[in-house]
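Structure file coords.cif with mmCIF, C-alpha atoms:
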data_final
loop_
_atom_site.label_atom_id
_atom_site.label_comp_id
_atom_site.auth_asym_id
_atom_site.auth_seq_id
_atom_site.Cartn_x
_atom_site.Cartn_y
_atom_site.Cartn_z
CA MET A 265 -17.75 -7.43 27.79
CA THR A 266 -18.66 -8.39 24.24
CA ALA A 267 -17.45 -6.03 21.55
CA PRO A 268 -19.96 -4.93 18.94
CA VAL A 269 -19.67 -6.06 15.36
CA ALA A 270 -18.75 -3.39 12.82
CA SER A 271 -21.40 -2.17 10.44
CA PRO A 272 -21.01 -3.39 6.85
CA ALA A 273 -19.79 0.08 5.80
CA VAL A 274 -17.13 0.22 8.52
CA ALA A 275 -16.08 -3.38 7.90
CA LYS A 276 -15.59 -2.63 4.21
CA ALA A 277 -13.65 0.57 4.90
CA VAL A 278 -11.17 -1.20 7.18
CA ILE A 279 -10.09 -3.62 4.42
CA ASP A 280 -10.66 -1.42 1.37
CA PRO A 281 -7.36 -0.32 -0.27
CA GLN A 282 -9.04 2.90 -1.38
CA SER A 283 -9.59 3.85 2.27
CA TYR A 284 -5.82 3.98 2.82
CA ALA A 285 -5.42 6.28 -0.17
CA ASP A 286 -7.98 8.67 1.38
CA TRP A 287 -5.87 9.32 4.47
CA ASP A 288 -7.77 11.90 6.54
CA PRO A 289 -11.17 10.14 6.32
CA LEU A 290 -9.40 6.92 7.34
CA LEU A 291 -7.89 8.63 10.39
CA ASP A 292 -11.34 10.02 11.23
CA LEU A 293 -12.73 6.50 11.11
CA PHE A 294 -9.99 5.10 13.34
CA ASP A 295 -10.49 7.95 15.81
CA GLN A 296 -14.15 7.04 16.11
CA ILE A 297 -13.50 3.31 16.43
CA ARG A 298 -10.70 3.81 18.96
CA ALA A 299 -12.88 6.03 21.14
CA GLU A 300 -16.03 3.90 21.01
CA THR A 301 -15.05 0.28 20.31
CA PRO A 302 -11.24 -0.13 20.38
CA VAL A 303 -11.57 -3.89 19.95
CA LEU A 304 -14.04 -4.25 17.08
CA ARG A 305 -15.15 -7.40 15.31
CA ILE A 306 -14.92 -7.17 11.53
CA GLU A 307 -17.03 -9.63 9.57
CA SER A 308 -17.57 -10.19 5.87
CA GLY A 309 -21.09 -9.73 4.57
CA ASP A 310 -20.51 -12.28 1.80
CA ASP A 311 -18.18 -14.57 3.80
CA ASP A 312 -15.27 -13.53 1.58
CA HIS A 313 -12.81 -13.45 4.49
CA GLU A 314 -12.48 -14.82 7.99
CA PRO A 315 -13.77 -12.55 10.77
CA PHE A 316 -11.12 -10.76 12.80
CA TRP A 317 -10.70 -8.32 15.67
CA LEU A 318 -9.54 -4.82 14.74
CA ILE A 319 -7.16 -3.45 17.42
CA THR A 320 -6.78 0.34 17.37
CA ARG A 321 -5.45 1.50 20.75
CA TYR A 322 -1.73 2.09 21.11
CA ASP A 323 -1.49 0.19 24.42
CA ASP A 324 -3.28 -2.86 23.01
CA VAL A 325 -1.18 -2.93 19.83
CA MET A 326 1.99 -2.63 21.91
CA ARG A 327 0.91 -5.43 24.23
CA ILE A 328 0.08 -7.80 21.36
CA SER A 329 3.29 -6.92 19.50
CA LYS A 330 5.41 -7.82 22.52
CA ASP A 331 3.56 -10.99 23.53
CA ASN A 332 4.73 -13.51 20.95
CA THR A 333 3.56 -16.45 23.04
CA THR A 334 -0.11 -15.51 23.26
CA PHE A 335 -0.28 -13.95 19.78
CA LEU A 336 1.23 -15.97 16.94
CA ASN A 337 2.26 -15.14 13.37
CA ALA A 338 2.67 -18.42 11.52
CA PRO A 339 -0.66 -20.27 11.82
CA ARG A 340 -2.68 -17.69 9.83
CA PRO A 341 -1.85 -15.13 7.12
CA VAL A 342 0.32 -12.43 8.64
CA VAL A 343 -1.23 -9.84 6.30
CA PHE A 344 -4.98 -9.50 5.74
CA THR A 345 -6.01 -12.01 3.07
CA ASN A 346 -9.36 -13.27 1.86
CA ARG A 347 -10.29 -16.94 2.03
CA GLN A 348 -9.36 -17.65 -1.57
CA GLY A 349 -5.97 -15.99 -1.16
CA GLU A 350 -5.17 -18.10 1.90
CA GLN A 351 -6.26 -21.29 0.12
CA PHE A 352 -4.10 -20.39 -2.86
CA ALA A 353 -1.06 -19.79 -0.63
CA ARG A 354 -1.56 -23.10 1.16
CA HIS A 355 -1.91 -24.92 -2.16
CA ILE A 356 1.30 -23.44 -3.56
CA THR A 357 3.39 -23.91 -0.41
CA ALA A 358 2.13 -27.46 0.07
CA GLN A 359 3.68 -28.28 -3.31
CA GLN A 360 6.96 -26.93 -1.89
CA GLY A 361 6.70 -29.30 1.07
CA ASP A 362 5.96 -26.60 3.66
CA GLU A 363 2.25 -25.78 3.67
CA SER A 364 1.69 -22.25 4.94
CA PRO A 365 -0.94 -19.51 4.69
CA ASN A 366 1.90 -17.15 3.67
CA LEU A 367 3.44 -17.34 0.20
CA VAL A 368 6.77 -16.04 1.51
CA SER A 369 8.53 -17.75 4.41
CA SER A 370 10.02 -14.56 5.83
CA LEU A 371 10.87 -13.42 9.34
CA VAL A 372 7.52 -11.63 9.71
CA ALA A 373 5.66 -14.91 9.12
CA LEU A 374 7.58 -17.04 11.62
CA ASP A 375 7.30 -17.80 15.34
CA ALA A 376 9.74 -19.12 17.94
CA PRO A 377 11.83 -21.20 18.02
CA LYS A 378 12.51 -20.78 14.29
CA HIS A 379 12.13 -17.01 14.13
CA PRO A 380 14.91 -16.03 16.59
CA LYS A 381 17.32 -18.50 15.01
CA LEU A 382 16.88 -16.95 11.57
CA ARG A 383 16.82 -13.39 12.86
CA ARG A 384 20.17 -13.84 14.61
CA LEU A 385 21.83 -14.62 11.28
CA THR A 386 21.85 -10.96 10.20
CA GLN A 387 20.99 -9.08 13.39
CA ASP A 388 24.57 -7.98 14.08
CA TRP A 389 25.02 -6.88 10.47
CA PHE A 390 22.14 -4.39 10.81
CA MET A 391 23.34 -2.90 14.10
CA PRO A 392 24.78 0.66 14.16
CA LYS A 393 28.35 -0.54 14.81
CA ASN A 394 28.45 -2.48 11.55
CA LEU A 395 26.45 0.07 9.57
CA ARG A 396 29.18 2.62 10.22
CA SER A 397 31.32 0.60 7.82
CA ILE A 398 28.96 1.43 4.94
CA GLU A 399 27.97 4.93 6.07
CA ALA A 400 30.37 6.63 3.67
CA ASP A 401 28.90 4.71 0.73
CA ILE A 402 25.35 5.65 1.72
CA ARG A 403 26.37 9.28 2.22
CA ALA A 404 27.86 9.36 -1.29
CA LEU A 405 24.68 7.87 -2.72
CA ALA A 406 22.58 10.44 -0.82
CA ALA A 407 24.67 13.27 -2.28
CA LYS A 408 24.35 11.84 -5.78
CA THR A 409 20.58 11.51 -5.33
CA ALA A 410 20.23 15.09 -4.08
CA ASP A 411 22.32 16.38 -6.99
CA ARG A 412 20.11 14.50 -9.43
CA LEU A 413 17.01 16.02 -7.86
CA VAL A 414 18.34 19.56 -8.26
CA ALA A 415 19.42 18.83 -11.84
CA ALA A 416 15.90 17.60 -12.67
CA GLY A 417 14.63 21.17 -12.59
CA THR A 418 12.23 23.28 -10.56
CA ASP A 419 9.10 21.12 -10.72
CA VAL A 420 9.67 17.45 -9.86
CA ASP A 421 7.92 14.36 -8.59
CA PHE A 422 9.88 13.64 -5.42
CA VAL A 423 8.73 10.01 -5.29
CA LYS A 424 9.98 9.27 -8.78
CA GLU A 425 13.23 11.22 -8.46
CA VAL A 426 14.24 10.42 -4.87
CA ALA A 427 11.94 8.46 -2.57
CA ALA A 428 11.63 5.38 -4.78
CA PRO A 429 15.16 4.96 -6.24
CA TYR A 430 17.29 5.99 -3.26
CA PRO A 431 16.38 3.31 -0.68
CA LEU A 432 16.15 0.72 -3.43
CA HIS A 433 19.74 1.43 -4.42
CA VAL A 434 20.90 1.20 -0.79
CA VAL A 435 19.25 -2.15 -0.10
CA MET A 436 20.37 -3.60 -3.44
CA GLN A 437 23.97 -2.68 -2.59
CA ILE A 438 23.56 -4.45 0.74
CA LEU A 439 22.27 -7.56 -1.02
CA GLY A 440 24.92 -7.39 -3.71
CA VAL A 441 22.44 -6.87 -6.57
CA PRO A 442 24.17 -5.16 -9.52
CA GLU A 443 22.88 -1.72 -10.49
CA GLU A 444 21.64 -2.92 -13.87
CA ASP A 445 19.18 -5.25 -12.10
CA GLU A 446 17.67 -2.58 -9.85
CA GLY A 447 14.92 -1.79 -12.32
CA ARG A 448 13.78 -5.39 -12.18
CA MET A 449 13.81 -5.32 -8.38
CA LEU A 450 11.73 -2.12 -8.34
CA PHE A 451 9.21 -3.71 -10.67
CA LEU A 452 8.92 -6.79 -8.47
CA THR A 453 8.57 -4.85 -5.21
CA GLN A 454 5.84 -2.74 -6.79
CA GLN A 455 4.04 -5.89 -7.86
CA MET A 456 4.31 -7.35 -4.36
CA PHE A 457 3.26 -4.26 -2.40
CA GLY A 458 1.37 -2.37 -5.12
CA GLY A 459 -0.93 -5.25 -6.00
CA GLN A 460 -3.99 -3.27 -4.91
CA ASP A 461 -3.09 -0.14 -6.88
CA GLU A 462 -3.46 -0.30 -10.65
CA GLU A 463 -0.78 2.36 -11.17
CA LEU A 464 1.80 0.50 -9.10
CA ASN A 465 1.17 -3.16 -9.88
CA LYS A 466 1.95 -2.64 -13.57
CA SER A 467 -0.94 -4.87 -14.55
CA GLY A 468 -2.62 -2.41 -16.88
CA MET A 469 -5.94 -3.33 -15.27
CA ALA A 470 -8.05 -0.69 -13.61
CA ASN A 471 -10.06 -3.05 -11.41
CA LEU A 472 -8.37 -6.13 -10.03
CA THR A 473 -10.18 -8.91 -8.24
CA PRO A 474 -8.58 -10.35 -5.07
CA GLU A 475 -7.71 -13.44 -7.10
CA GLN A 476 -5.87 -11.35 -9.69
CA ILE A 477 -3.99 -9.53 -6.94
CA THR A 478 -2.92 -12.86 -5.48
CA GLN A 479 -1.70 -14.06 -8.87
CA ILE A 480 0.34 -10.86 -9.35
CA VAL A 481 1.96 -11.24 -5.95
CA PHE A 482 2.66 -14.94 -6.58
CA GLY A 483 4.31 -14.11 -9.89
CA ALA A 484 6.51 -11.52 -8.21
CA VAL A 485 7.46 -13.98 -5.46
CA ALA A 486 8.42 -16.61 -8.04
CA ASP A 487 10.57 -14.11 -9.93
CA PHE A 488 12.26 -12.99 -6.71
CA GLU A 489 12.98 -16.59 -5.74
CA ALA A 490 14.53 -17.42 -9.11
CA TYR A 491 16.71 -14.31 -9.05
CA PHE A 492 18.01 -14.77 -5.52
CA GLU A 493 18.62 -18.49 -6.04
CA GLN A 494 21.19 -17.50 -8.67
CA LEU A 495 22.61 -14.77 -6.43
CA ALA A 496 23.02 -17.24 -3.55
CA ALA A 497 24.91 -19.65 -5.81
CA GLN A 498 27.26 -16.84 -6.81
CA ARG A 499 27.91 -15.90 -3.16
CA ARG A 500 28.70 -19.49 -2.23
CA ALA A 501 31.26 -19.63 -5.01
CA ASN A 502 32.61 -16.12 -4.39
CA PRO A 503 31.73 -14.89 -0.88
CA THR A 504 31.92 -11.18 -0.02
CA GLY A 505 30.96 -9.14 3.04
CA ASP A 506 27.36 -8.41 2.05
CA VAL A 507 24.11 -9.76 3.48
CA ALA A 508 23.64 -12.03 0.47
CA THR A 509 26.83 -13.88 1.42
CA ILE A 510 25.72 -14.30 5.04
CA LEU A 511 22.43 -15.83 3.96
CA ALA A 512 23.82 -18.01 1.17
CA ASN A 513 26.27 -19.62 3.58
CA ALA A 514 24.12 -19.61 6.73
CA VAL A 515 23.73 -22.73 8.86
CA VAL A 516 20.90 -23.21 11.37
CA ASP A 517 20.73 -26.30 13.59
CA GLY A 518 23.58 -27.82 11.60
CA ALA A 519 21.95 -27.42 8.19
CA PRO A 520 21.83 -24.72 5.50
CA LEU A 521 18.63 -22.76 5.07
CA SER A 522 15.96 -24.47 2.99
CA PRO A 523 15.39 -22.94 -0.46
CA ARG A 524 12.05 -21.54 0.75
CA ASP A 525 13.53 -19.96 3.89
CA LEU A 526 16.51 -18.60 1.97
CA ALA A 527 14.30 -17.03 -0.68
CA GLY A 528 12.01 -15.59 1.98
CA TYR A 529 14.93 -13.96 3.78
CA TYR A 530 16.20 -12.33 0.58
CA ILE A 531 12.70 -11.18 -0.37
CA ILE A 532 11.88 -9.56 2.98
CA THR A 533 15.25 -7.79 3.01
CA ALA A 534 14.84 -6.52 -0.55
CA SER A 535 11.19 -5.52 -0.39
CA ALA A 536 10.79 -4.31 3.19
CA GLY A 537 14.04 -2.39 2.94
CA HIS A 538 12.73 -0.46 -0.02
CA ASP A 539 9.03 0.41 0.13
CA THR A 540 8.90 1.33 3.80
CA THR A 541 11.83 3.75 3.71
CA SER A 542 10.55 5.17 0.44
CA ALA A 543 7.20 5.96 2.06
CA SER A 544 8.78 7.58 5.13
CA THR A 545 11.14 9.66 3.02
CA ALA A 546 8.29 11.00 0.90
CA GLY A 547 6.23 11.66 4.04
CA ALA A 548 8.98 13.77 5.57
CA MET A 549 9.33 15.83 2.41
CA LEU A 550 5.57 16.36 2.21
CA ALA A 551 5.55 17.68 5.77
CA LEU A 552 8.42 20.08 5.07
CA ALA A 553 6.81 21.31 1.86
CA ARG A 554 3.61 22.09 3.73
CA ASP A 555 5.34 23.87 6.62
CA PRO A 556 8.05 26.39 5.63
CA ASP A 557 8.72 27.19 9.29
CA GLN A 558 9.66 23.61 10.11
CA PHE A 559 11.74 23.42 6.92
CA ALA A 560 13.64 26.55 7.97
CA LYS A 561 14.02 25.26 11.52
CA VAL A 562 15.57 21.93 10.53
CA LYS A 563 17.70 23.57 7.80
CA ALA A 564 19.20 25.86 10.41
CA ASP A 565 19.55 23.24 13.14
CA ARG A 566 20.70 19.85 11.85
CA SER A 567 20.50 18.37 15.34
CA LEU A 568 16.77 18.11 14.61
CA LEU A 569 17.33 15.64 11.77
CA PRO A 570 16.95 12.49 13.90
CA ASN A 571 13.65 13.93 15.15
CA ILE A 572 12.35 14.71 11.70
CA VAL A 573 13.24 11.20 10.56
CA GLU A 574 11.50 9.57 13.50
CA GLU A 575 8.43 11.79 13.24
CA ALA A 576 8.15 11.03 9.53
CA ILE A 577 8.19 7.31 10.24
CA ARG A 578 5.43 7.68 12.87
CA TRP A 579 3.36 10.15 10.87
CA THR A 580 3.55 8.06 7.70
CA THR A 581 3.42 4.56 9.26
CA PRO A 582 4.39 2.68 6.07
CA VAL A 583 3.56 -0.80 7.44
CA GLN A 584 -0.10 -0.24 8.17
CA HIS A 585 -1.01 -3.53 9.84
CA PHE A 586 -0.06 -7.06 10.67
CA MET A 587 -2.31 -9.97 11.60
CA ARG A 588 -1.92 -12.26 14.60
CA MET A 589 -3.71 -15.38 15.91
CA ALA A 590 -4.63 -15.85 19.55
CA ALA A 591 -2.95 -18.99 20.88
CA GLN A 592 -5.25 -19.05 23.92
CA ASP A 593 -8.32 -17.33 25.31
CA VAL A 594 -7.40 -13.77 26.25
CA GLU A 595 -9.00 -10.48 27.19
CA ILE A 596 -8.10 -7.24 25.40
CA SER A 597 -9.49 -3.95 26.74
CA GLY A 598 -12.29 -5.88 28.41
CA VAL A 599 -13.22 -7.87 25.29
CA LYS A 600 -12.94 -11.67 25.34
CA VAL A 601 -10.94 -13.02 22.41
CA ALA A 602 -11.08 -16.78 21.90
CA LYS A 603 -8.23 -19.15 21.12
CA GLY A 604 -7.80 -19.33 17.36
CA ASP A 605 -9.28 -15.88 16.69
CA TRP A 606 -7.60 -13.67 14.10
CA LEU A 607 -6.57 -10.11 14.99
CA MET A 608 -5.46 -7.06 13.00
CA ILE A 609 -3.03 -4.85 14.90
CA ASN A 610 -3.42 -1.56 13.11
CA TYR A 611 -0.29 0.57 13.36
CA VAL A 612 -1.89 3.57 11.64
CA ALA A 613 -4.53 3.75 14.34
CA ALA A 614 -2.01 3.14 17.13
CA ASN A 615 0.41 5.80 15.89
CA HIS A 616 -2.43 8.35 15.82
CA ASP A 617 -3.74 7.53 19.29
CA PRO A 618 -4.20 10.85 21.15
CA ALA A 619 -3.69 9.02 24.45
CA GLN A 620 -0.03 8.64 23.42
CA PHE A 621 0.61 11.48 20.97
CA ASP A 622 -0.63 15.02 21.53
CA ASN A 623 -2.29 16.30 18.35
CA PRO A 624 -1.16 13.16 16.49
CA ARG A 625 -1.99 14.40 13.00
CA LYS A 626 0.45 17.29 13.34
CA PHE A 627 3.97 16.69 12.02
CA ASP A 628 6.08 17.96 14.93
CA VAL A 629 9.87 17.70 14.87
CA THR A 630 10.02 18.47 18.61
CA ARG A 631 7.83 15.50 19.57
CA ASP A 632 9.06 12.80 21.97
CA GLN A 633 10.16 10.13 19.51
CA THR A 634 10.62 7.14 21.77
CA ARG A 635 7.19 5.53 21.62
CA HIS A 636 5.88 5.11 18.07
CA LEU A 637 5.02 1.68 16.69
CA ALA A 638 5.94 2.10 13.03
CA PHE A 639 8.83 -0.37 13.51
CA GLY A 640 6.70 -2.76 15.53
CA ALA A 641 7.86 -3.91 18.96
CA GLY A 642 9.26 -6.94 20.71
CA ALA A 643 10.82 -9.91 18.95
CA HIS A 644 9.41 -8.87 15.58
CA GLN A 645 10.59 -5.28 15.71
CA CYS A 646 11.90 -4.24 12.29
CA LEU A 647 15.37 -5.71 11.72
CA GLY A 648 16.41 -2.79 9.52
CA LEU A 649 15.28 0.12 11.71
CA HIS A 650 18.82 1.45 12.23
CA LEU A 651 19.50 1.29 8.50
CA ALA A 652 16.26 3.15 7.71
CA ARG A 653 17.13 5.91 10.17
CA LEU A 654 20.65 6.23 8.79
CA GLU A 655 19.48 6.33 5.16
CA MET A 656 16.93 9.05 5.84
CA ARG A 657 19.24 11.18 7.99
CA LEU A 658 22.01 11.16 5.40
CA LEU A 659 19.60 11.89 2.58
CA PHE A 660 18.03 14.90 4.31
CA GLU A 661 21.48 16.23 5.23
CA ALA A 662 22.28 16.23 1.51
CA LEU A 663 18.92 17.68 0.50
CA LEU A 664 19.06 20.51 3.03
CA ASP A 665 22.53 21.43 1.79
CA ARG A 666 21.20 21.86 -1.74
CA ILE A 667 17.63 23.11 -1.42
CA GLY A 668 16.75 26.68 -0.47
CA SER A 669 12.99 26.24 -0.36
CA VAL A 670 10.34 23.69 -1.23
CA GLU A 671 6.58 23.83 -1.74
CA LEU A 672 3.85 21.67 -3.17
CA ALA A 673 3.36 21.95 -6.92
CA GLY A 674 0.24 19.80 -7.10
CA GLN A 675 -1.84 17.33 -5.16
CA PRO A 676 0.09 14.40 -3.62
CA ARG A 677 -1.52 10.98 -4.05
CA ARG A 678 -1.30 7.94 -1.82
CA ALA A 679 -1.19 4.31 -2.89
CA LYS A 680 -4.25 2.10 -2.59
CA SER A 681 -2.92 -0.53 -0.21
CA THR A 682 -4.01 -2.04 3.07
CA PHE A 683 -0.54 -3.34 3.93
CA VAL A 684 2.45 -1.17 2.96
CA GLY A 685 1.32 2.33 2.06
CA GLY A 686 2.53 5.82 1.38
CA LEU A 687 2.72 8.47 -1.30
CA LYS A 688 2.94 7.33 -4.91
CA THR A 689 3.29 10.89 -6.24
CA LEU A 690 4.63 14.05 -4.57
CA PRO A 691 4.81 17.01 -6.97
CA LEU A 692 7.17 19.66 -5.58
CA ARG A 693 8.53 23.03 -6.62
CA ILE A 694 12.13 23.33 -5.46
CA ALA A 695 14.51 26.25 -5.34
CA ALA A 696 18.13 25.14 -5.33
#

Write-out of the structure in structure tokens:
Amino acid sequence: MTAPVASPAVAKAVIDPQSYADWDPLLDLFDQIRAETPVLRIESGDDDHEPFWLITRYDDVMRISKDNTTFLNAPRPVVFTNRQGEQFARHITAQQGDESPNLVSSLVALDAPKHPKLRRLTQDWFMPKNLRSIEADIRALAAKTADRLVAAGTDVDFVKEVAAPYPLHVVMQILGVPEEDEGRMLFLTQQMFGGQDEELNKSGMANLTPEQITQIVFGAVADFEAYFEQLAAQRRANPTGDVATILANAVVDGAPLSPRDLAGYYIITASAGHDTTSASTAGAMLALARDPDQFAKVKADRSLLPNIVEEAIRWTTPVQHFMRMAAQDVEISGVKVAKGDWLMINYVAANHDPAQFDNPRKFDVTRDQTRHLAFGAGAHQCLGLHLARLEMRLLFEALLDRIGSVELAGQPRRAKSTFVGGLKTLPLRIAA
């Protein structure tokens, strides 16, 4: 079977950041594609980007996510990038002695045998047993955040007051970044993941070209690298028990991490540990504000908190896609994919697949939570998934203790972003 090629309008919508800000029409589009052509070829009308296969079915995304031999990360950009962006990344990294289509040498951009070696460095640190040692600190921060929200008054922007600063503070504590530098880290993460949204990238430009977006991201990467190079030097001189110390003193195959690998590890921990949890936290609050019955149900029965956390992560799906390259000829849902072909595994589409989730657009705290793909699957499953769950559970425990009711006080707005997405504003009216 040969899959049809997407129409120019569909092809544009799949890679247009504005599409991901207009959530329901995007889900409508994915529903149609998934039902009719679940493996769909996306081509550029002006040859601006390489063609790729859009994968929308849950089962196909799961299969590709788990098969890290047939589907590789490193040879091609791991996030959708146009031709000029890939060329720019290769030019910059070649000057660093490690040519790559990815500006950041992070875990998400690596394959075996290197990937598992680097992942093992911090894997135990992020497991529940170790996280219990910092649970009291996170609980105290959650309480402080909830108190600040109530003190802010009746009408608040939940993203500004809670969803953005809370997970940032947690991950910066884990990395050993002092509180006075958190504003800088927030700015840099917004530049990295908000590069397609003029309100988040802090550029002051209403319409950015792909080249300008690439330059913004590169600038943020360079700033991150310089900052964490100094932090690593401090942790070598004065080691502590934080993740920064583990990385600064790590040895793989008898040698310390290269400057590029070390910087990439810090960057993925700092950035992925912030924006994704921020998006899920805001998504959960949006769902509760829209549905007073579910708010009352979870307020009365705290055993539902793990469910509400997991459903928020599925329903929001902060990491919206990753790209893979086929290492050999393969067939996916009857469609022949050739060796070297590029694929987009779309987690938004997979997490709203009605074959796996009954009424997937409904936020349902009683849903079976064992199958969603928001954390990925297989060897590249999110390293910080246990931390994200813990952060959100403790925060909502604190919020439910302090809030009597919540409702929308305006229209929420989503970020324009094809990669990491979520709410950028959530106006709420809260009764303490």

Kindly assemble as JSON lines a list of the region 553-633 of chain A residues that lie within 8 Å of region 279-291 of chain A, each paired with its nearest atom pair and their distance in Å to one decimal, using only C-alpha atoms, sorted first by chain and then by ascending residue number.
{"residue": "A:Val612", "atom": "CA", "partner": "A:Leu291", "partner_atom": "CA", "distance": 7.9}
{"residue": "A:Ala613", "atom": "CA", "partner": "A:Leu291", "partner_atom": "CA", "distance": 7.1}
{"residue": "A:His616", "atom": "CA", "partner": "A:Leu291", "partner_atom": "CA", "distance": 7.7}

Checklist line | Residue neighbourhood Arg653 (chain A), 9 Å, only C-alpha atoms, exclusion window fewer than 2 positions, as a PyMOL selection string | finding: chain A and resi 541+570+573-574+648-651+655-658

Notebook entry, point to check: Which is closest to Arg384 (chain A) among A:Val684, A:Ala553, A:Val516, A:Ala590, if we use only C-alpha atoms?
Noted result: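 Of A:Val684, A:Ala553, A:Val516, A:Ala590, the one nearest Arg384 (chain A) is A:Val516, counting only C-alpha atoms.
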
Return as an mmCIF file with C-alpha atoms, in the coordinates of the input the set of residues that the PyMOL selection byres ((chain A and resi 427-440) around 6) yields on the displayed structure.
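Written out: expr-v5.cif:
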data_model
loop_
_atom_site.group_PDB
_atom_site.id
_atom_site.type_symbol
_atom_site.label_atom_id
_atom_site.label_comp_id
_atom_site.auth_asym_id
_atom_site.auth_seq_id
_atom_site.Cartn_x
_atom_site.Cartn_y
_atom_site.Cartn_z
ATOM 1 C CA VAL A 423 8.730 10.010 -5.290
ATOM 2 C CA LYS A 424 9.980 9.270 -8.780
ATOM 3 C CA VAL A 426 14.240 10.420 -4.870
ATOM 4 C CA VAL A 441 22.440 -6.870 -6.570
ATOM 5 C CA ASP A 506 27.360 -8.410 2.050
ATOM 6 C CA VAL A 507 24.110 -9.760 3.480
ATOM 7 C CA ALA A 508 23.640 -12.030 0.470
ATOM 8 C CA HIS A 538 12.730 -0.460 -0.020
ATOM 9 C CA SER A 542 10.550 5.170 0.440
ATOM 10 C CA THR A 545 11.140 9.660 3.020
ATOM 11 C CA ALA A 546 8.290 11.000 0.900
#

Check: Could you work out how far CA of Gly686 (chain A) lies from CA of Thr580 (chain A), giving the answer in Å with one decimal?
Finding: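 These two atoms are separated by 6.8 Å.
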
Checklist line | Residue nearest Pro341 (chain A) - candidates A:Asn610, A:Thr320, A:Asn366, A:Gln494, atoms counted: only C-alpha atoms | finding: A:Asn366

Notebook entry, point to check: Of the candidates A:Tyr491, A:Phe639, A:Phe559, A:Trp579, which shows the shortest atom-to-atom distance to Leu664 (chain A), using all atoms listed in the file?
Noted result: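 The closest residue to Leu664 (chain A) is A:Phe559.
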
Item checked: Distance in Å - CA of Ala543 (chain A) versus CA of Pro582 (chain A) -> 5.9 Å

Check: Of the candidates A:Thr301, A:Thr540, A:Asp628, A:Ser535, which shows the shortest atom-to-atom distance to Leu450 (chain A), using only C-alpha atoms?
Finding: A:Ser535

Next item on the list: May I ask which of the residues A:Tyr322, A:Phe422, A:Phe316, A:Phe344 is the closest one to Asp617 (chain A), counting all atoms listed in the file?
Entry: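 Answer, going by the shortest atom-to-atom distance: A:Tyr322.
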
Checklist line | Interatomic distance (Å, one decimal) between CA of Phe451 (chain A) and CA of Asp525 (chain A) | finding: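 Those two atoms sit 22.2 Å apart.
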
Next item on the list: Would you please work out which residue, of A:Asp295, A:Asp605, A:Glu661, A:Asp632, is nearest to Pro618 (chain A) when using only C-alpha atoms?
Entry: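 Looking only at the distances to Pro618 (chain A), the closest residue turns out to be A:Asp295.
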
Next item on the list: Name the residues captured by the PyMOL selection byres ((chain A and resi 671) around 12) when it is applied to the shown file; answer as a PyMOL selection string.
Entry: chain A and resi 418-422+549-557+559+667-670+672-676+690-695

Next item on the list: Can you turn the PyMOL selection byres ((chain A and resi 353) around 6) into a concrete residue list for this file, as a list in words?
Entry: Glu350, Gln351, Phe352, Arg354, His355, Ile356, Pro365, Asn366 and Leu367 of chain A

Step by step, gather every atom of region 366-382 of chain A that the file lists, find the box along x, y and z that holds them, add 5 Å on each side, and finally give centre and edge lengths in Å to one decimal, as lines of an AutoDock Vina configuration file.
center_x = 9.6
center_y = -16.4
center_z = 9.1
size_x = 25.4
size_y = 19.6
size_z = 27.8

Notebook entry, point to check: Need the neighbours of (-2.7, -3.8, 9.6): which residues are at most 8 Å away, counting all atoms listed in the file, as number ranges by chain?
Noted result: A: 343-344, 583-587, 608-612, 682-683
